[in-house]
Structure formats: structure tokens, C-alpha cells
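Okay, model.pdb now, which holds PDB, C-alpha atoms, pLDDT in the B column:
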```pdb
ATOM      1  CA  MET A  25      -4.581  19.069  75.103  1.00 50.00           C
ATOM      2  CA  ALA A  26      -3.904  16.336  72.564  1.00 49.00           C
ATOM      3  CA  ARG A  27      -2.125  17.322  69.376  1.00 50.00           C
ATOM      4  CA  LYS A  28      -3.964  16.843  66.139  1.00 48.00           C
ATOM      5  CA  LYS A  29      -2.279  14.419  63.789  1.00 48.00           C
ATOM      6  CA  LYS A  30      -1.179  15.998  60.534  1.00 49.00           C
ATOM      7  CA  LYS A  31      -2.746  14.476  57.486  1.00 51.00           C
ATOM      8  CA  ASN A  32      -0.257  12.944  55.062  1.00 52.00           C
ATOM      9  CA  SER A  33      -0.570  15.353  52.145  1.00 52.00           C
ATOM     10  CA  ARG A  34       2.047  13.477  50.136  1.00 57.00           C
ATOM     11  CA  PHE A  35      -0.189  10.442  49.558  1.00 50.00           C
ATOM     12  CA  PRO A  36      -2.417  12.011  46.867  1.00 55.00           C
ATOM     13  CA  LEU A  37       0.668  13.223  44.990  1.00 52.00           C
ATOM     14  CA  VAL A  38       2.285   9.787  45.049  1.00 50.00           C
ATOM     15  CA  PHE A  39      -0.996   8.212  43.944  1.00 51.00           C
ATOM     16  CA  LEU A  40      -1.306  10.697  41.064  1.00 51.00           C
ATOM     17  CA  GLY A  41       2.281   9.983  40.013  1.00 50.00           C
ATOM     18  CA  VAL A  42       1.588   6.227  39.892  1.00 48.00           C
ATOM     19  CA  ILE A  43      -1.491   6.825  37.705  1.00 50.00           C
ATOM     20  CA  LEU A  44       0.452   9.027  35.274  1.00 48.00           C
ATOM     21  CA  ILE A  45       3.245   6.475  35.005  1.00 52.00           C
ATOM     22  CA  GLY A  46       0.646   3.767  34.318  1.00 47.00           C
ATOM     23  CA  ILE A  47      -0.974   5.816  31.544  1.00 47.00           C
ATOM     24  CA  ALA A  48       2.415   6.494  29.954  1.00 47.00           C
ATOM     25  CA  PHE A  49       3.214   2.771  30.081  1.00 43.00           C
ATOM     26  CA  ILE A  50      -0.071   1.887  28.334  1.00 44.00           C
ATOM     27  CA  PHE A  51       0.618   4.425  25.564  1.00 44.00           C
ATOM     28  CA  SER A  52       4.100   3.006  25.064  1.00 43.00           C
ATOM     29  CA  LEU A  53       2.652  -0.512  24.720  1.00 39.00           C
ATOM     30  CA  ASN A  54       0.165   0.742  22.107  1.00 43.00           C
ATOM     31  CA  SER A  55       2.951   2.271  20.039  1.00 39.00           C
ATOM     32  CA  LEU A  56       4.855  -1.022  20.145  1.00 38.00           C
ATOM     33  CA  ALA A  57       1.754  -2.978  19.118  1.00 39.00           C
ATOM     34  CA  ASP A  58       1.207  -0.731  16.096  1.00 41.00           C
ATOM     35  CA  PRO A  59       4.671  -0.237  14.529  1.00 42.00           C
ATOM     36  CA  VAL A  60       3.349   0.761  11.084  1.00 42.00           C
ATOM     37  CA  PRO A  61       3.228   4.544  10.827  1.00 43.00           C
ATOM     38  CA  LYS A  62      -0.027   6.109   9.732  1.00 45.00           C
ATOM     39  CA  ASN A  63       1.874   8.558   7.574  1.00 51.00           C
ATOM     40  CA  ASP A  64       3.100   5.701   5.420  1.00 53.00           C
ATOM     41  CA  GLN A  65       4.753   7.498   2.542  1.00 52.00           C
ATOM     42  CA  GLU A  66       7.131   9.583   4.673  1.00 57.00           C
ATOM     43  CA  ASN A  67       8.385   6.439   6.404  1.00 68.00           C
ATOM     44  CA  ALA A  68       8.460   4.062   3.429  1.00 73.00           C
ATOM     45  CA  ALA A  69      12.256   3.779   3.499  1.00 73.00           C
ATOM     46  CA  GLU A  70      12.122   2.505   7.086  1.00 82.00           C
ATOM     47  CA  MET A  71       9.275   0.027   6.605  1.00 92.00           C
ATOM     48  CA  THR A  72      10.074  -3.668   6.555  1.00 96.00           C
ATOM     49  CA  GLN A  73       8.624  -5.808   3.792  1.00 96.00           C
ATOM     50  CA  GLN A  74       6.177  -7.358   6.255  1.00 96.00           C
ATOM     51  CA  ALA A  75       5.114  -3.930   7.527  1.00 97.00           C
ATOM     52  CA  PHE A  76       4.461  -2.836   3.936  1.00 97.00           C
ATOM     53  CA  ILE A  77       2.241  -5.878   3.335  1.00 98.00           C
ATOM     54  CA  ASP A  78       0.467  -5.448   6.675  1.00 97.00           C
ATOM     55  CA  TYR A  79      -0.232  -1.793   5.927  1.00 97.00           C
ATOM     56  CA  LEU A  80      -1.779  -2.383   2.488  1.00 98.00           C
ATOM     57  CA  ALA A  81      -3.564  -5.702   3.077  1.00 98.00           C
ATOM     58  CA  PRO A  82      -6.665  -4.431   4.958  1.00 98.00           C
ATOM     59  CA  HIS A  83      -7.504  -1.912   2.228  1.00 98.00           C
ATOM     60  CA  ALA A  84      -6.832  -4.513  -0.462  1.00 98.00           C
ATOM     61  CA  GLU A  85      -9.333  -6.821   1.269  1.00 98.00           C
ATOM     62  CA  GLU A  86     -11.911  -4.011   1.322  1.00 98.00           C
ATOM     63  CA  LEU A  87     -11.436  -3.499  -2.410  1.00 97.00           C
ATOM     64  CA  GLN A  88     -12.044  -7.191  -3.041  1.00 97.00           C
ATOM     65  CA  LYS A  89     -15.311  -7.016  -1.116  1.00 96.00           C
ATOM     66  CA  GLY A  90     -16.398  -3.998  -3.120  1.00 96.00           C
ATOM     67  CA  TYR A  91     -15.172  -4.879  -6.608  1.00 96.00           C
ATOM     68  CA  GLY A  92     -13.868  -8.445  -6.747  1.00 95.00           C
ATOM     69  CA  ILE A  93     -10.196  -7.708  -7.396  1.00 96.00           C
ATOM     70  CA  LEU A  94      -7.958 -10.241  -5.638  1.00 98.00           C
ATOM     71  CA  PRO A  95      -5.851  -8.725  -2.817  1.00 98.00           C
ATOM     72  CA  SER A  96      -2.911 -10.878  -3.904  1.00 98.00           C
ATOM     73  CA  ILE A  97      -2.892  -9.086  -7.261  1.00 98.00           C
ATOM     74  CA  ILE A  98      -3.113  -5.638  -5.647  1.00 98.00           C
ATOM     75  CA  LEU A  99      -0.305  -6.448  -3.206  1.00 98.00           C
ATOM     76  CA  GLY A 100       1.836  -8.260  -5.776  1.00 98.00           C
ATOM     77  CA  GLN A 101       1.638  -5.350  -8.205  1.00 98.00           C
ATOM     78  CA  ALA A 102       2.283  -2.799  -5.464  1.00 98.00           C
ATOM     79  CA  ILE A 103       5.430  -4.650  -4.398  1.00 98.00           C
ATOM     80  CA  LEU A 104       6.708  -5.143  -7.943  1.00 96.00           C
ATOM     81  CA  GLU A 105       5.836  -1.699  -9.293  1.00 95.00           C
ATOM     82  CA  SER A 106       6.906   0.372  -6.265  1.00 96.00           C
ATOM     83  CA  ASP A 107       9.847  -1.652  -4.913  1.00 95.00           C
ATOM     84  CA  TRP A 108       8.084  -2.066  -1.571  1.00 97.00           C
ATOM     85  CA  GLY A 109       6.959   1.575  -1.542  1.00 96.00           C
ATOM     86  CA  LYS A 110      10.536   2.843  -1.841  1.00 95.00           C
ATOM     87  CA  SER A 111      10.500   4.076  -5.463  1.00 93.00           C
ATOM     88  CA  THR A 112      10.404   7.823  -6.027  1.00 92.00           C
ATOM     89  CA  LEU A 113       6.965   7.517  -7.614  1.00 94.00           C
ATOM     90  CA  ALA A 114       5.578   5.652  -4.593  1.00 95.00           C
ATOM     91  CA  SER A 115       7.376   7.404  -1.734  1.00 94.00           C
ATOM     92  CA  GLU A 116       7.076  10.990  -2.987  1.00 94.00           C
ATOM     93  CA  TYR A 117       3.984  10.877  -5.188  1.00 95.00           C
ATOM     94  CA  HIS A 118       2.081   7.971  -3.575  1.00 97.00           C
ATOM     95  CA  ASN A 119       1.643   6.120  -6.892  1.00 96.00           C
ATOM     96  CA  LEU A 120       2.162   2.437  -6.092  1.00 97.00           C
ATOM     97  CA  PHE A 121       1.280   1.002  -9.494  1.00 96.00           C
ATOM     98  CA  GLY A 122       2.972   3.149 -12.126  1.00 92.00           C
ATOM     99  CA  ILE A 123      -0.396   4.443 -13.320  1.00 91.00           C
ATOM    100  CA  LYS A 124       0.041   6.952 -16.114  1.00 89.00           C
ATOM    101  CA  SER A 125      -1.595  10.371 -16.132  1.00 87.00           C
ATOM    102  CA  PHE A 126      -4.043  11.444 -18.806  1.00 77.00           C
ATOM    103  CA  GLY A 127      -6.142  14.571 -19.095  1.00 72.00           C
ATOM    104  CA  HIS A 128      -6.145  17.055 -16.244  1.00 71.00           C
ATOM    105  CA  SER A 129      -5.149  14.787 -13.346  1.00 76.00           C
ATOM    106  CA  LYS A 130      -2.223  15.777 -11.127  1.00 84.00           C
ATOM    107  CA  LYS A 131       0.955  14.416 -12.657  1.00 82.00           C
ATOM    108  CA  VAL A 132       4.724  14.180 -12.429  1.00 83.00           C
ATOM    109  CA  THR A 133       7.123  13.419 -15.294  1.00 81.00           C
ATOM    110  CA  LEU A 134       9.753  10.791 -14.467  1.00 71.00           C
ATOM    111  CA  ASP A 135      12.161   8.500 -16.307  1.00 67.00           C
ATOM    112  CA  THR A 136      10.876   4.956 -16.712  1.00 66.00           C
ATOM    113  CA  GLN A 137      11.897   1.703 -18.384  1.00 64.00           C
ATOM    114  CA  GLU A 138       9.694   0.226 -21.123  1.00 64.00           C
ATOM    115  CA  PHE A 139      10.184  -2.898 -23.237  1.00 60.00           C
ATOM    116  CA  TYR A 140      10.017  -2.132 -26.977  1.00 58.00           C
ATOM    117  CA  ASN A 141      11.171  -4.132 -29.987  1.00 63.00           C
ATOM    118  CA  GLY A 142      12.846  -6.762 -27.833  1.00 64.00           C
ATOM    119  CA  GLU A 143      14.848  -4.433 -25.606  1.00 63.00           C
ATOM    120  CA  TRP A 144      14.515  -2.173 -22.565  1.00 54.00           C
ATOM    121  CA  VAL A 145      14.587   1.550 -23.299  1.00 59.00           C
ATOM    122  CA  SER A 146      14.451   4.601 -21.029  1.00 67.00           C
ATOM    123  CA  ILE A 147      11.691   7.102 -21.716  1.00 58.00           C
ATOM    124  CA  GLN A 148       9.969   9.882 -19.836  1.00 68.00           C
ATOM    125  CA  GLY A 149       6.424   9.234 -18.695  1.00 79.00           C
ATOM    126  CA  ASP A 150       3.662  11.259 -17.064  1.00 89.00           C
ATOM    127  CA  PHE A 151       2.417   9.545 -13.911  1.00 93.00           C
ATOM    128  CA  ARG A 152      -0.549  10.189 -11.641  1.00 94.00           C
ATOM    129  CA  VAL A 153       0.088  11.889  -8.303  1.00 95.00           C
ATOM    130  CA  TYR A 154      -1.992  10.834  -5.286  1.00 96.00           C
ATOM    131  CA  ASP A 155      -2.453  12.076  -1.745  1.00 96.00           C
ATOM    132  CA  SER A 156      -2.059   8.624  -0.170  1.00 97.00           C
ATOM    133  CA  TRP A 157      -1.325   5.004  -0.952  1.00 97.00           C
ATOM    134  CA  GLU A 158      -4.984   4.177  -0.313  1.00 98.00           C
ATOM    135  CA  GLU A 159      -6.037   6.667  -2.988  1.00 97.00           C
ATOM    136  CA  SER A 160      -3.573   5.007  -5.373  1.00 97.00           C
ATOM    137  CA  MET A 161      -5.070   1.591  -4.565  1.00 98.00           C
ATOM    138  CA  ASP A 162      -8.587   2.912  -5.181  1.00 98.00           C
ATOM    139  CA  ASP A 163      -7.631   4.343  -8.578  1.00 96.00           C
ATOM    140  CA  HIS A 164      -5.844   1.117  -9.516  1.00 97.00           C
ATOM    141  CA  THR A 165      -8.995  -0.871  -8.785  1.00 97.00           C
ATOM    142  CA  MET A 166     -11.219   1.589 -10.650  1.00 96.00           C
ATOM    143  CA  LEU A 167      -8.964   1.238 -13.689  1.00 95.00           C
ATOM    144  CA  PHE A 168      -9.863  -2.445 -13.725  1.00 97.00           C
ATOM    145  CA  VAL A 169     -13.556  -1.713 -13.118  1.00 97.00           C
ATOM    146  CA  ASN A 170     -13.920   1.033 -15.742  1.00 96.00           C
ATOM    147  CA  GLY A 171     -11.240   0.055 -18.236  1.00 95.00           C
ATOM    148  CA  VAL A 172      -9.979   2.742 -20.584  1.00 91.00           C
ATOM    149  CA  ASP A 173     -11.724   5.100 -23.003  1.00 91.00           C
ATOM    150  CA  TRP A 174     -11.033   2.902 -26.005  1.00 94.00           C
ATOM    151  CA  ASN A 175     -11.982  -0.337 -24.213  1.00 96.00           C
ATOM    152  CA  PRO A 176     -14.071  -0.243 -21.001  1.00 96.00           C
ATOM    153  CA  ALA A 177     -13.837  -4.047 -20.742  1.00 96.00           C
ATOM    154  CA  LEU A 178     -10.032  -4.172 -21.085  1.00 97.00           C
ATOM    155  CA  TYR A 179      -9.440  -5.553 -17.570  1.00 97.00           C
ATOM    156  CA  GLU A 180     -12.665  -7.528 -17.207  1.00 96.00           C
ATOM    157  CA  HIS A 181     -10.808 -10.845 -16.910  1.00 96.00           C
ATOM    158  CA  VAL A 182      -8.621  -9.475 -14.118  1.00 97.00           C
ATOM    159  CA  LEU A 183     -11.765  -8.762 -12.080  1.00 95.00           C
ATOM    160  CA  THR A 184     -13.507 -12.047 -12.851  1.00 95.00           C
ATOM    161  CA  ALA A 185     -10.447 -14.251 -12.214  1.00 96.00           C
ATOM    162  CA  THR A 186     -10.856 -16.536  -9.219  1.00 95.00           C
ATOM    163  CA  ASP A 187      -7.140 -17.243  -8.774  1.00 97.00           C
ATOM    164  CA  TYR A 188      -4.038 -15.092  -8.946  1.00 98.00           C
ATOM    165  CA  GLN A 189      -2.415 -17.026 -11.802  1.00 98.00           C
ATOM    166  CA  THR A 190      -5.345 -16.329 -14.113  1.00 98.00           C
ATOM    167  CA  ALA A 191      -5.572 -12.700 -12.971  1.00 98.00           C
ATOM    168  CA  ALA A 192      -1.831 -12.127 -13.504  1.00 98.00           C
ATOM    169  CA  GLN A 193      -2.013 -13.553 -17.016  1.00 97.00           C
ATOM    170  CA  ALA A 194      -5.070 -11.382 -17.730  1.00 97.00           C
ATOM    171  CA  LEU A 195      -3.044  -8.331 -16.674  1.00 96.00           C
ATOM    172  CA  GLN A 196      -0.310  -9.193 -19.135  1.00 95.00           C
ATOM    173  CA  ASP A 197      -2.769 -10.036 -21.932  1.00 96.00           C
ATOM    174  CA  ALA A 198      -4.484  -6.667 -21.429  1.00 95.00           C
ATOM    175  CA  GLY A 199      -1.144  -4.879 -21.836  1.00 93.00           C
ATOM    176  CA  TYR A 200      -0.903  -3.442 -18.321  1.00 92.00           C
ATOM    177  CA  ALA A 201       2.890  -3.489 -18.659  1.00 89.00           C
ATOM    178  CA  THR A 202       5.254  -3.836 -21.616  1.00 88.00           C
ATOM    179  CA  ASP A 203       7.390  -6.396 -19.735  1.00 91.00           C
ATOM    180  CA  PRO A 204       6.922  -9.777 -21.494  1.00 91.00           C
ATOM    181  CA  ASP A 205       7.539 -11.554 -18.162  1.00 95.00           C
ATOM    182  CA  TYR A 206       5.078  -9.424 -16.188  1.00 95.00           C
ATOM    183  CA  ALA A 207       2.655 -12.237 -15.286  1.00 97.00           C
ATOM    184  CA  ALA A 208       5.482 -14.535 -14.185  1.00 97.00           C
ATOM    185  CA  LYS A 209       6.978 -11.797 -11.988  1.00 97.00           C
ATOM    186  CA  ILE A 210       3.633 -11.027 -10.313  1.00 97.00           C
ATOM    187  CA  ILE A 211       3.015 -14.728  -9.678  1.00 98.00           C
ATOM    188  CA  SER A 212       6.524 -15.142  -8.230  1.00 98.00           C
ATOM    189  CA  VAL A 213       6.028 -12.242  -5.799  1.00 98.00           C
ATOM    190  CA  ILE A 214       2.631 -13.582  -4.711  1.00 98.00           C
ATOM    191  CA  GLU A 215       3.977 -17.086  -4.105  1.00 98.00           C
ATOM    192  CA  THR A 216       7.191 -15.941  -2.404  1.00 98.00           C
ATOM    193  CA  TYR A 217       5.276 -13.892   0.176  1.00 98.00           C
ATOM    194  CA  GLN A 218       2.133 -16.080   0.229  1.00 98.00           C
ATOM    195  CA  LEU A 219      -0.051 -13.118  -0.656  1.00 98.00           C
ATOM    196  CA  ASP A 220      -2.916 -15.380  -1.729  1.00 98.00           C
ATOM    197  CA  ARG A 221      -3.667 -15.865   1.989  1.00 97.00           C
ATOM    198  CA  PHE A 222      -5.547 -12.569   1.768  1.00 98.00           C
ATOM    199  CA  ASP A 223      -7.796 -13.737  -1.081  1.00 97.00           C
ATOM    200  CA  GLN A 224     -11.347 -14.623  -0.063  1.00 87.00           C
TER     201      GLN A 224
END
```
Write out the structure in this file as C-alpha cells.
Amino acid sequence: MARKKKKNSRFPLVFLGVILIGIAFIFSLNSLADPVPKNDQENAAEMTQQAFIDYLAPHAEELQKGYGILPSIILGQAILESDWGKSTLASEYHNLFGIKSFGHSKKVTLDTQEFYNGEWVSIQGDFRVYDSWEESMDDHTMLFVNGVDWNPALYEHVLTATDYQTAAQALQDAGYATDPDYAAKIISVIETYQLDRFDQ
């Protein structure tokens, strides 16, 4: 009587192993293709300058479509005000723009530098606390859209500007910062990193 040939039971296991290795390889490629962490604030210290720009740019472009604010201004201010997301205010409290807290909003009190009577002085300021950088960007844009209680049209010229030079000067004229060189610094950051490439 002829012997029955044993089926090779190892083949399905080898085949399954190859599939699992392939899936793991694909996941590793995806993680390399997307080096910017989703939990941005916790990894701000490790982000490169380009990664910081790449992370914020898509949301800045969305805000331009919705409200007209130039992405170059959003990105330029975020870089200047937050030191590339590495400041305490940005990395721990998600406030990229140094926006002050008024009323009942969540806040943190921190030391800050202000320019008064021709010199820099250290003072304590109350700053808004956000849950994410995107929330900070949204509030920054809405400040320009709604203005302030005493002047709803305070930042109107920032929104209507069609180029970053005009918008930066409008920021300074509106008193966004006490720094007398604020517009020049924003323009320098935008031009150094070619942030106007995101403007539509």
C-alpha cells in the first residue's frame, strides 16, 4: 500500500510570517514619511524649524480661506512670539502668540518683556492657556476678526492686507506688541524662511 504524502504544514506559517513582516515594514515607512508628531506641544523641543513650519502651515492656510489672514503673518508671528514653539508659554500652555488673558478665560501668569519709555522692562502678565496650537491659532485669527472691546476694527487692516509687509506694519500700528521694531522683525522672519509661499 502506498504511503500518503504528508502535507507541508509549515508553509502557511511561513506565509503568515512574511505577511506580518510586510505590514510592519509598511507601518515603519509611514512613520518615516510623517516625522511631525501629532502631539506637537510635548515634542516641541525636538522639532526642527522646518517641522514646526510644516506642522502649522496647513491650518494657517485654512484660516486664510476662512478669514483672509495671510499664513505668512500667522507663521511669522508664531515663530517670533514662541521661539519656534519652544517658549514656556507655547510648549506648556500652547499659546503661540503671547495673547493676553482677560475675563474668565483660562490663564497663566508669567514674566514677560515689554518696551516702555524707551527701554525694555520685565513685568508679569496674564496669558491665555489653550488645549492645542491649533486652538491658539484660531483665537489669534479671531482677535483680528473681532478686534477688542474698545475697538472692534482695531486689526481690520491686518485682515485686508494683500501682502505681508502691509499686514506686518498694520500689526505694529494697531499696537499688537510694544516692540518698536515689531513689523521689521516679522518681515525678516517671513523673508528668511520664505513664508509668503503659503499666501494665496
Task: Hits from the PyMOL selection byres ((chain A and resi 128-132) around 7), listed as a PyMOL selection string - done: chain A and resi 125-127+133-134+150-153
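Closest approach to Leu113 (chain A) among A:Tyr188, A:Tyr154, A:Trp174, A:Phe222: A:Tyr154, based on all atoms listed in the file.
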Task: Selection result of the PyMOL selection byres ((chain A and resi 104) around 12) on this file, as an MDAnalysis selection string - done: chainID A and resid 73 96:103 105:111 114 120:122 201 203 206:214
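Atom to atom, CA of Gly171 (chain A) and CA of His83 (chain A) stand 20.9 Å apart.
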- [ ] Report as a list in words the residues that result from applying the PyMOL selection byres ((chain A and resi 86) around 12) to the structure here.
- [x] Leu80, Ala81, Pro82, His83, Ala84, Glu85, Leu87, Gln88, Lys89, Gly90, Tyr91, Gly92, Ile93, Leu94, Pro95, Ile98, Glu158, Met161, Asp162, Thr165, Phe222, Asp223 and Gln224 of chain A
